[in-house]
Amino acid sequence: MNWIKKDLIGLENLTKEEIETILKTAVSFKEISSRQVKKVPALRGKTVVNLFFEPSTRTKTSFELAAKRLSADVLSFEVASSSISKGETIVDTAQNIEAMKVDCFIVRHSVAGAPELISRNVSSAVINAGDGCHEHPTQALLDLFTVKENLGKIKGLKISIVGDILHSRVARSNIWGFTKLGAKVFVCGPPPIIPADAEKMGAKITYDIEEAIKDADVIYLLRLQKERQKENFLSSLKEYSYFYGIDENRYKKIKKGAVIMHPGPMNRGVEIKSDIAERENSLILEQVTNGIAVRMAVLYLTIGSRK
Amino acid sequence: MGKKIMSGKEIDRIIRKSAGVIEKKMGLSGLVIIGIRRRGAFLADRLAECFSGDEAPVGYLDINLYRDDFSKIGAHPVLSETEVLFNIDGKKILLVDDVLFTGRTIRAALDALMDLGRPALVRLFVLVDRGHRELPISADFTGMKAETRVNEMVEVRLKEIDGVDEVSVEKRK
């Protein structure tokens, strides 16, 4: 199928076919990063702007490398030194940068909806790199890509996402993505950080880690942020680790051939016992590698779709 | 529909004959064959089978990311994977495509090849040369020269994906 959207805001508003088009396109891009000359001229003369209003190293670096490997020029907008701190609105900021003739904004913001607000006010492509507790579409796409590459399919798999679902944009995007492609998604964690609307999104809720692990094909662990303890969502990190962390005992109960994933950065010793992240069935670093190919595909499709 | 200019038998004959000529002129030592996706890839496989000596390695090139019309065409060309699983440094490359027209595809293919390494030389085989070049590019080995108008299309159909072997000249839709 042909890609026609100029923006990528979330997986909620993508069809199954659109998601599959991105994943298929990403396959062609993966090979490029394994070459000695890791660059193709597809986006030569295009300018991509990283507009990050929230700190990020991994996602920003990944987008920057993806754009550079397609020969686009990349500009990183530092929020601390920017006019936002002088009181400019994000729409004004984006429109001012666009007036300098750029082609794409990669937007991260702590407020849900910020990338969409920008996308309505600029004609450049806008890619959501994470907005509040809403969505992080490229993370979910690289997760889908990694699962498909390793397990050969997505349809019919049992995917268990464990951790702070309530505050996780990664979880939301993944629930949309995996259910649209026909997987059964379970979300698991302590009740205060499991949103009731997860079921409306198509996921099944369980508070029991044993049930989540049982027969799962993918155990997807989320980073547990230490601040949640201060905000009274958890009594302690230790307690979380005891009830929900993947330790040796629980690791043994994981089905043969199942894989462990994590969007990073990991809290070793909290959601995952230190050395389990390095086991054979851990895809954690592969996810990072695949992020480049998937982001190249997204840049290629969104920027290229502009008339 | 359209005017048939080459039958399956003729395609076979041209491939066999060309393989002989190429082998004689280029020699098999250090020779690698690289087909341009999609149909050039199948022609590359067929040529490789016709060589007398040890099998020359065959690779496949997708040139869409090297096109010069990327920002002008609204639709995205469907990408497929580049698969060149050997080192091309110092090798003699036989580049294979189905139709030579403006020369822009070959320009893109040469750029793509140079990103993969530094071959000793590159020669070009095409099944049909239909004229109307826009760049200073020519083929070293040509299966057939066809007189065409600019607004006509040369359709190469191959068994591997089209179910039939034939070449025809058709009106642009």
# chains A, B, ... in the order shown; residues from 1 in each chain; ligands from 1
call {"tool": "select_by_dssp", "arguments": {"residues": "region 61-275 of chain A", "states": "alpha helix (DSSP H)", "output": "tab-separated table (two decimals) with N, CA and C atoms, in the first residue's frame"}}
result
chain	number	residue	atom	x	y	z
A	61	THR	N	19.30	10.20	19.94
A	61	THR	CA	20.45	9.67	19.19
A	61	THR	C	20.00	8.77	18.06
A	62	SER	N	19.02	7.93	18.36
A	62	SER	CA	18.53	6.98	17.37
A	62	SER	C	17.91	7.72	16.18
A	63	PHE	N	17.10	8.73	16.45
A	63	PHE	CA	16.51	9.52	15.36
A	63	PHE	C	17.60	10.25	14.57
A	64	GLU	N	18.58	10.77	15.30
A	64	GLU	CA	19.64	11.52	14.63
A	64	GLU	C	20.43	10.60	13.68
A	65	LEU	N	20.77	9.41	14.17
A	65	LEU	CA	21.50	8.47	13.32
A	65	LEU	C	20.66	8.03	12.13
A	66	ALA	N	19.37	7.79	12.38
A	66	ALA	CA	18.49	7.36	11.30
A	66	ALA	C	18.44	8.42	10.20
A	67	ALA	N	18.28	9.68	10.60
A	67	ALA	CA	18.21	10.76	9.62
A	67	ALA	C	19.53	10.90	8.88
A	68	LYS	N	20.65	10.78	9.61
A	68	LYS	CA	21.96	10.95	8.97
A	68	LYS	C	22.26	9.81	8.00
A	69	ARG	N	21.81	8.61	8.34
A	69	ARG	CA	22.06	7.48	7.42
A	69	ARG	C	21.22	7.58	6.16
A	90	ILE	N	5.01	26.70	22.14
A	90	ILE	CA	5.64	25.68	21.30
A	90	ILE	C	5.23	25.84	19.84
A	91	VAL	N	4.01	26.32	19.60
A	91	VAL	CA	3.57	26.51	18.22
A	91	VAL	C	4.40	27.62	17.56
A	92	ASP	N	4.60	28.71	18.27
A	92	ASP	CA	5.44	29.79	17.74
A	92	ASP	C	6.86	29.29	17.46
A	93	THR	N	7.38	28.52	18.39
A	93	THR	CA	8.73	27.99	18.21
A	93	THR	C	8.80	27.16	16.93
A	94	ALA	N	7.84	26.24	16.77
A	94	ALA	CA	7.84	25.36	15.60
A	94	ALA	C	7.67	26.17	14.32
A	95	GLN	N	6.76	27.13	14.34
A	95	GLN	CA	6.53	27.93	13.12
A	95	GLN	C	7.74	28.77	12.76
A	96	ASN	N	8.45	29.26	13.78
A	96	ASN	CA	9.66	30.03	13.50
A	96	ASN	C	10.75	29.16	12.89
A	97	ILE	N	10.88	27.95	13.40
A	97	ILE	CA	11.89	27.06	12.81
A	97	ILE	C	11.46	26.66	11.40
A	98	GLU	N	10.15	26.43	11.23
A	98	GLU	CA	9.68	26.04	9.90
A	98	GLU	C	9.90	27.15	8.87
A	114	ALA	N	1.12	17.42	22.65
A	114	ALA	CA	1.97	18.50	22.13
A	114	ALA	C	2.39	18.26	20.67
A	115	PRO	N	2.85	17.04	20.31
A	115	PRO	CA	3.23	16.82	18.90
A	115	PRO	C	2.06	17.02	17.94
A	116	GLU	N	0.86	16.61	18.36
A	116	GLU	CA	-0.29	16.78	17.50
A	116	GLU	C	-0.63	18.26	17.33
A	117	LEU	N	-0.51	19.02	18.41
A	117	LEU	CA	-0.75	20.46	18.35
A	117	LEU	C	0.21	21.09	17.33
A	118	ILE	N	1.46	20.71	17.41
A	118	ILE	CA	2.45	21.25	16.46
A	118	ILE	C	2.10	20.82	15.03
A	119	SER	N	1.72	19.55	14.88
A	119	SER	CA	1.45	19.03	13.53
A	119	SER	C	0.31	19.78	12.85
A	120	ARG	N	-0.65	20.27	13.65
A	120	ARG	CA	-1.78	21.00	13.06
A	120	ARG	C	-1.38	22.40	12.62
A	121	ASN	N	-0.24	22.85	13.10
A	121	ASN	CA	0.16	24.23	12.82
A	121	ASN	C	1.38	24.38	11.92
A	137	PRO	N	5.18	6.14	19.52
A	137	PRO	CA	4.94	5.19	18.43
A	137	PRO	C	6.18	4.50	17.87
A	138	THR	N	7.30	5.22	17.75
A	138	THR	CA	8.45	4.53	17.13
A	138	THR	C	9.01	3.43	18.04
A	139	GLN	N	8.87	3.61	19.38
A	139	GLN	CA	9.31	2.54	20.29
A	139	GLN	C	8.46	1.29	20.05
A	140	ALA	N	7.14	1.47	19.95
A	140	ALA	CA	6.28	0.31	19.74
A	140	ALA	C	6.56	-0.33	18.37
A	141	LEU	N	6.83	0.50	17.37
A	141	LEU	CA	7.10	-0.06	16.04
A	141	LEU	C	8.39	-0.88	16.05
A	142	LEU	N	9.41	-0.40	16.77
A	142	LEU	CA	10.65	-1.18	16.80
A	142	LEU	C	10.46	-2.45	17.62
A	143	ASP	N	9.56	-2.40	18.61
A	143	ASP	CA	9.26	-3.61	19.38
A	143	ASP	C	8.53	-4.63	18.51
A	144	LEU	N	7.57	-4.15	17.73
A	144	LEU	CA	6.84	-5.04	16.81
A	144	LEU	C	7.82	-5.67	15.82
A	145	PHE	N	8.70	-4.83	15.28
A	145	PHE	CA	9.69	-5.29	14.30
A	145	PHE	C	10.57	-6.38	14.91
A	146	THR	N	11.03	-6.13	16.15
A	146	THR	CA	11.94	-7.08	16.82
A	146	THR	C	11.25	-8.40	17.11
A	147	VAL	N	10.00	-8.34	17.54
A	147	VAL	CA	9.26	-9.57	17.82
A	147	VAL	C	9.05	-10.35	16.53
A	148	LYS	N	8.65	-9.63	15.49
A	148	LYS	CA	8.38	-10.30	14.22
A	148	LYS	C	9.64	-10.95	13.67
A	149	GLU	N	10.76	-10.25	13.80
A	149	GLU	CA	12.02	-10.77	13.29
A	149	GLU	C	12.45	-12.03	14.06
A	150	ASN	N	12.23	-12.03	15.37
A	150	ASN	CA	12.70	-13.14	16.20
A	150	ASN	C	11.72	-14.31	16.28
A	151	LEU	N	10.43	-14.02	16.35
A	151	LEU	CA	9.44	-15.09	16.52
A	151	LEU	C	8.69	-15.40	15.23
A	169	ARG	N	3.85	5.67	28.17
A	169	ARG	CA	3.45	5.87	26.76
A	169	ARG	C	3.91	4.70	25.91
A	170	VAL	N	5.00	4.05	26.35
A	170	VAL	CA	5.49	2.87	25.62
A	170	VAL	C	4.44	1.76	25.69
A	171	ALA	N	3.88	1.57	26.89
A	171	ALA	CA	2.87	0.53	27.06
A	171	ALA	C	1.65	0.83	26.19
A	172	ARG	N	1.19	2.07	26.21
A	172	ARG	CA	-0.01	2.42	25.42
A	172	ARG	C	0.21	2.14	23.94
A	173	SER	N	1.34	2.62	23.41
A	173	SER	CA	1.59	2.41	21.98
A	173	SER	C	1.70	0.91	21.68
A	174	ASN	N	2.34	0.18	22.58
A	174	ASN	CA	2.49	-1.26	22.35
A	174	ASN	C	1.16	-2.00	22.42
A	175	ILE	N	0.28	-1.58	23.34
A	175	ILE	CA	-1.04	-2.23	23.40
A	175	ILE	C	-1.77	-2.03	22.07
A	176	TRP	N	-1.77	-0.79	21.57
A	176	TRP	CA	-2.42	-0.54	20.27
A	176	TRP	C	-1.78	-1.38	19.17
A	177	GLY	N	-0.47	-1.34	19.09
A	177	GLY	CA	0.25	-2.01	18.00
A	177	GLY	C	0.05	-3.52	18.02
A	178	PHE	N	0.32	-4.14	19.16
A	178	PHE	CA	0.24	-5.60	19.22
A	178	PHE	C	-1.19	-6.10	19.04
A	179	THR	N	-2.17	-5.39	19.62
A	179	THR	CA	-3.54	-5.88	19.43
A	179	THR	C	-3.99	-5.71	17.97
A	180	LYS	N	-3.59	-4.60	17.35
A	180	LYS	CA	-3.97	-4.41	15.95
A	180	LYS	C	-3.41	-5.51	15.05
A	209	ILE	N	1.81	-11.88	38.62
A	209	ILE	CA	2.94	-12.04	37.69
A	209	ILE	C	3.03	-13.47	37.14
A	210	GLU	N	2.65	-14.44	37.97
A	210	GLU	CA	2.71	-15.84	37.50
A	210	GLU	C	1.79	-16.05	36.30
A	211	GLU	N	0.61	-15.43	36.38
A	211	GLU	CA	-0.35	-15.57	35.28
A	211	GLU	C	0.17	-14.86	34.02
A	212	ALA	N	0.84	-13.71	34.24
A	212	ALA	CA	1.39	-12.97	33.11
A	212	ALA	C	2.48	-13.78	32.41
A	213	ILE	N	3.32	-14.44	33.20
A	213	ILE	CA	4.45	-15.19	32.63
A	213	ILE	C	3.99	-16.47	31.94
A	227	GLU	N	10.46	7.80	41.20
A	227	GLU	CA	9.58	8.87	41.71
A	227	GLU	C	8.20	8.34	42.11
A	228	ARG	N	7.81	7.20	41.50
A	228	ARG	CA	6.47	6.68	41.78
A	228	ARG	C	6.29	6.33	43.26
A	229	GLN	N	7.42	6.01	43.92
A	229	GLN	CA	7.35	5.69	45.34
A	229	GLN	C	7.00	6.96	46.13
A	230	LYS	N	7.63	8.07	45.75
A	230	LYS	CA	7.36	9.35	46.43
A	230	LYS	C	5.92	9.78	46.20
A	237	LEU	N	10.17	0.21	46.33
A	237	LEU	CA	10.72	-0.46	45.15
A	237	LEU	C	11.02	-1.92	45.45
A	238	LYS	N	11.44	-2.15	46.71
A	238	LYS	CA	11.79	-3.51	47.12
A	238	LYS	C	10.56	-4.42	47.04
A	239	GLU	N	9.44	-3.84	47.49
A	239	GLU	CA	8.21	-4.62	47.46
A	239	GLU	C	7.81	-4.91	46.00
A	240	TYR	N	7.96	-3.90	45.15
A	240	TYR	CA	7.65	-4.10	43.73
A	240	TYR	C	8.50	-5.23	43.17
A	241	SER	N	9.79	-5.14	43.47
A	241	SER	CA	10.73	-6.13	42.95
A	241	SER	C	10.35	-7.53	43.44
A	242	TYR	N	9.92	-7.62	44.69
A	242	TYR	CA	9.56	-8.91	45.27
A	242	TYR	C	8.34	-9.51	44.57
A	243	PHE	N	7.35	-8.67	44.30
A	243	PHE	CA	6.12	-9.19	43.71
A	243	PHE	C	6.12	-9.25	42.17
A	244	TYR	N	6.89	-8.36	41.54
A	244	TYR	CA	6.79	-8.27	40.08
A	244	TYR	C	8.11	-8.37	39.32
A	248	GLU	N	15.44	-15.25	39.27
A	248	GLU	CA	15.79	-16.58	38.77
A	248	GLU	C	14.58	-17.53	38.81
A	249	ASN	N	13.83	-17.48	39.91
A	249	ASN	CA	12.69	-18.37	40.06
A	249	ASN	C	11.64	-18.16	38.98
A	250	ARG	N	11.34	-16.88	38.74
A	250	ARG	CA	10.32	-16.59	37.72
A	250	ARG	C	10.89	-16.83	36.33
A	251	TYR	N	12.16	-16.59	36.18
A	251	TYR	CA	12.80	-16.81	34.88
A	251	TYR	C	12.63	-18.27	34.46
A	252	LYS	N	12.74	-19.17	35.43
A	252	LYS	CA	12.62	-20.61	35.14
A	252	LYS	C	11.23	-20.98	34.63
call {"tool": "interface_residues", "arguments": {"of": "chain B", "to": "chain A", "cutoff": "6 Å", "atoms": "only C-alpha atoms", "output": "list in words"}}
result
Leu65, Tyr66, Gly74, Ser80, Glu81 and Asp115 of chain B
call {"tool": "write_last_selection", "arguments": {"atoms": "C-alpha atoms", "output": "short mmCIF file (atom, residue, chain, number, x, y, z; two decimals), in the first residue's frame"}}
result
data_model
loop_
_atom_site.label_atom_id
_atom_site.label_comp_id
_atom_site.auth_asym_id
_atom_site.auth_seq_id
_atom_site.Cartn_x
_atom_site.Cartn_y
_atom_site.Cartn_z
CA LEU B 65 17.05 5.01 -2.24
CA TYR B 66 19.43 6.38 -4.87
CA GLY B 74 4.33 11.59 -4.61
CA SER B 80 13.26 -4.31 -1.45
CA GLU B 81 16.49 -5.42 0.11
CA ASP B 115 28.84 2.81 -1.55
#
call {"tool": "atom_distance", "arguments": {"atom1": "CA of Glu17 (chain A)", "atom2": "CA of Gly156 (chain A)"}}
result
17.2 Å
call {"tool": "residues_around", "arguments": {"residues": "region 5-18 of chain B", "least_positions_apart": "5", "cutoff": "12 Å", "atoms": "only C-alpha atoms", "output": "NGL selection string"}}
result
:B and (23-26 or 42-52 or 94 or 96 or 98 or 124-128 or 130 or 140-148 or 154-159 or 163-170)
call {"tool": "write_last_selection", "arguments": {"atoms": "N, CA and C atoms", "output": "compact mmCIF listing (two decimals), in the first residue's frame"}}
result
# COMPACT_ATOMS: atom_id res chain seq x y z
N GLU B 23 31.55 -13.99 -21.14
CA GLU B 23 32.59 -14.85 -20.59
C GLU B 23 33.90 -14.64 -21.35
N LYS B 24 33.77 -14.54 -22.67
CA LYS B 24 34.94 -14.38 -23.51
C LYS B 24 35.59 -13.00 -23.28
N LYS B 25 34.76 -11.97 -23.22
CA LYS B 25 35.31 -10.62 -23.09
C LYS B 25 35.77 -10.27 -21.68
N MET B 26 35.05 -10.72 -20.67
CA MET B 26 35.40 -10.33 -19.30
C MET B 26 36.23 -11.39 -18.57
N PHE B 42 16.49 -11.36 -11.76
CA PHE B 42 16.22 -12.70 -12.34
C PHE B 42 17.10 -12.94 -13.57
N LEU B 43 17.31 -11.88 -14.35
CA LEU B 43 18.18 -12.04 -15.52
C LEU B 43 19.61 -12.35 -15.07
N ALA B 44 20.03 -11.76 -13.95
CA ALA B 44 21.38 -12.03 -13.42
C ALA B 44 21.51 -13.51 -13.06
N ASP B 45 20.47 -14.06 -12.41
CA ASP B 45 20.48 -15.49 -12.07
C ASP B 45 20.59 -16.35 -13.32
N ARG B 46 19.83 -15.97 -14.35
CA ARG B 46 19.81 -16.77 -15.58
C ARG B 46 21.16 -16.72 -16.28
N LEU B 47 21.78 -15.54 -16.33
CA LEU B 47 23.10 -15.42 -16.95
C LEU B 47 24.11 -16.29 -16.21
N ALA B 48 24.08 -16.20 -14.87
CA ALA B 48 25.05 -16.93 -14.05
C ALA B 48 24.98 -18.42 -14.34
N GLU B 49 23.78 -18.94 -14.57
CA GLU B 49 23.61 -20.36 -14.85
C GLU B 49 24.23 -20.78 -16.17
N CYS B 50 24.34 -19.81 -17.10
CA CYS B 50 24.85 -20.13 -18.43
C CYS B 50 26.36 -20.09 -18.54
N PHE B 51 27.05 -19.58 -17.52
CA PHE B 51 28.51 -19.54 -17.61
C PHE B 51 29.08 -20.94 -17.49
N SER B 52 30.23 -21.16 -18.13
CA SER B 52 30.76 -22.52 -18.18
C SER B 52 31.50 -22.90 -16.90
N LEU B 94 29.61 -7.39 -13.41
CA LEU B 94 28.67 -7.33 -14.52
C LEU B 94 27.33 -6.89 -13.94
N VAL B 96 23.44 -5.98 -14.31
CA VAL B 96 22.41 -6.53 -15.20
C VAL B 96 21.07 -5.84 -14.98
N ASP B 98 16.96 -5.10 -17.02
CA ASP B 98 16.11 -5.56 -18.12
C ASP B 98 16.06 -4.55 -19.27
N LEU B 124 28.04 -3.31 -18.22
CA LEU B 124 26.58 -3.35 -18.15
C LEU B 124 25.98 -4.25 -19.23
N PHE B 125 25.09 -5.16 -18.78
CA PHE B 125 24.29 -5.95 -19.71
C PHE B 125 22.82 -5.53 -19.55
N VAL B 126 22.17 -5.28 -20.70
CA VAL B 126 20.72 -5.08 -20.66
C VAL B 126 20.06 -5.98 -21.70
N LEU B 127 18.87 -6.43 -21.39
CA LEU B 127 18.14 -7.28 -22.33
C LEU B 127 17.65 -6.44 -23.52
N VAL B 128 17.12 -5.26 -23.22
CA VAL B 128 16.60 -4.39 -24.29
C VAL B 128 17.14 -2.98 -24.11
N ARG B 130 16.20 0.57 -25.40
CA ARG B 130 15.09 1.19 -26.12
C ARG B 130 15.39 2.65 -26.50
N ASP B 140 27.42 -2.25 -22.36
CA ASP B 140 28.53 -2.96 -22.99
C ASP B 140 28.02 -4.19 -23.72
N PHE B 141 26.95 -4.78 -23.20
CA PHE B 141 26.36 -5.96 -23.82
C PHE B 141 24.86 -5.72 -23.92
N THR B 142 24.32 -5.80 -25.15
CA THR B 142 22.90 -5.51 -25.34
C THR B 142 22.24 -6.70 -26.01
N GLY B 143 21.13 -7.20 -25.42
CA GLY B 143 20.41 -8.32 -26.01
C GLY B 143 19.73 -7.92 -27.30
N MET B 144 19.07 -6.76 -27.30
CA MET B 144 18.30 -6.33 -28.45
C MET B 144 18.13 -4.82 -28.40
N LYS B 145 18.22 -4.21 -29.59
CA LYS B 145 17.92 -2.77 -29.66
C LYS B 145 16.51 -2.62 -30.19
N ALA B 146 15.69 -1.80 -29.51
CA ALA B 146 14.29 -1.64 -29.95
C ALA B 146 14.02 -0.18 -30.26
N GLU B 147 13.35 0.02 -31.42
CA GLU B 147 12.92 1.38 -31.78
C GLU B 147 11.63 1.67 -30.99
N THR B 148 11.63 2.71 -30.21
CA THR B 148 10.42 3.04 -29.45
C THR B 148 10.18 4.54 -29.47
N VAL B 154 8.24 -0.23 -22.50
CA VAL B 154 8.73 -1.56 -22.82
C VAL B 154 8.50 -2.44 -21.60
N GLU B 155 7.65 -3.44 -21.75
CA GLU B 155 7.31 -4.32 -20.64
C GLU B 155 8.06 -5.64 -20.77
N VAL B 156 8.93 -5.91 -19.81
CA VAL B 156 9.60 -7.21 -19.79
C VAL B 156 8.87 -8.07 -18.78
N ARG B 157 8.39 -9.22 -19.22
CA ARG B 157 7.73 -10.14 -18.30
C ARG B 157 8.59 -11.40 -18.17
N LEU B 158 8.81 -11.80 -16.92
CA LEU B 158 9.63 -12.99 -16.68
C LEU B 158 8.87 -14.01 -15.86
N LYS B 159 9.12 -15.30 -16.18
CA LYS B 159 8.40 -16.40 -15.52
C LYS B 159 8.42 -16.28 -14.00
N GLY B 163 4.93 -15.08 -14.62
CA GLY B 163 4.39 -16.34 -15.11
C GLY B 163 4.67 -16.63 -16.57
N VAL B 164 5.27 -15.67 -17.27
CA VAL B 164 5.52 -15.86 -18.69
C VAL B 164 6.77 -15.09 -19.08
N ASP B 165 7.50 -15.59 -20.10
CA ASP B 165 8.68 -14.89 -20.61
C ASP B 165 8.32 -14.18 -21.91
N GLU B 166 8.33 -12.84 -21.91
CA GLU B 166 8.13 -12.12 -23.16
C GLU B 166 8.43 -10.64 -22.97
N VAL B 167 8.70 -9.96 -24.08
CA VAL B 167 8.91 -8.52 -24.04
C VAL B 167 7.97 -7.88 -25.05
N SER B 168 7.27 -6.80 -24.61
CA SER B 168 6.40 -6.14 -25.56
C SER B 168 6.49 -4.62 -25.39
N VAL B 169 6.09 -3.93 -26.49
CA VAL B 169 6.04 -2.47 -26.44
C VAL B 169 4.59 -2.07 -26.30
N GLU B 170 4.29 -1.25 -25.30
CA GLU B 170 2.89 -0.91 -25.03
C GLU B 170 2.71 0.60 -24.89
call {"tool": "select_by_dssp", "arguments": {"residues": "region 4-87 of chain B", "states": "strand (DSSP E or B)", "output": "PyMOL selection string"}}
result
chain B and resi 4-6+31-36+58-61+83
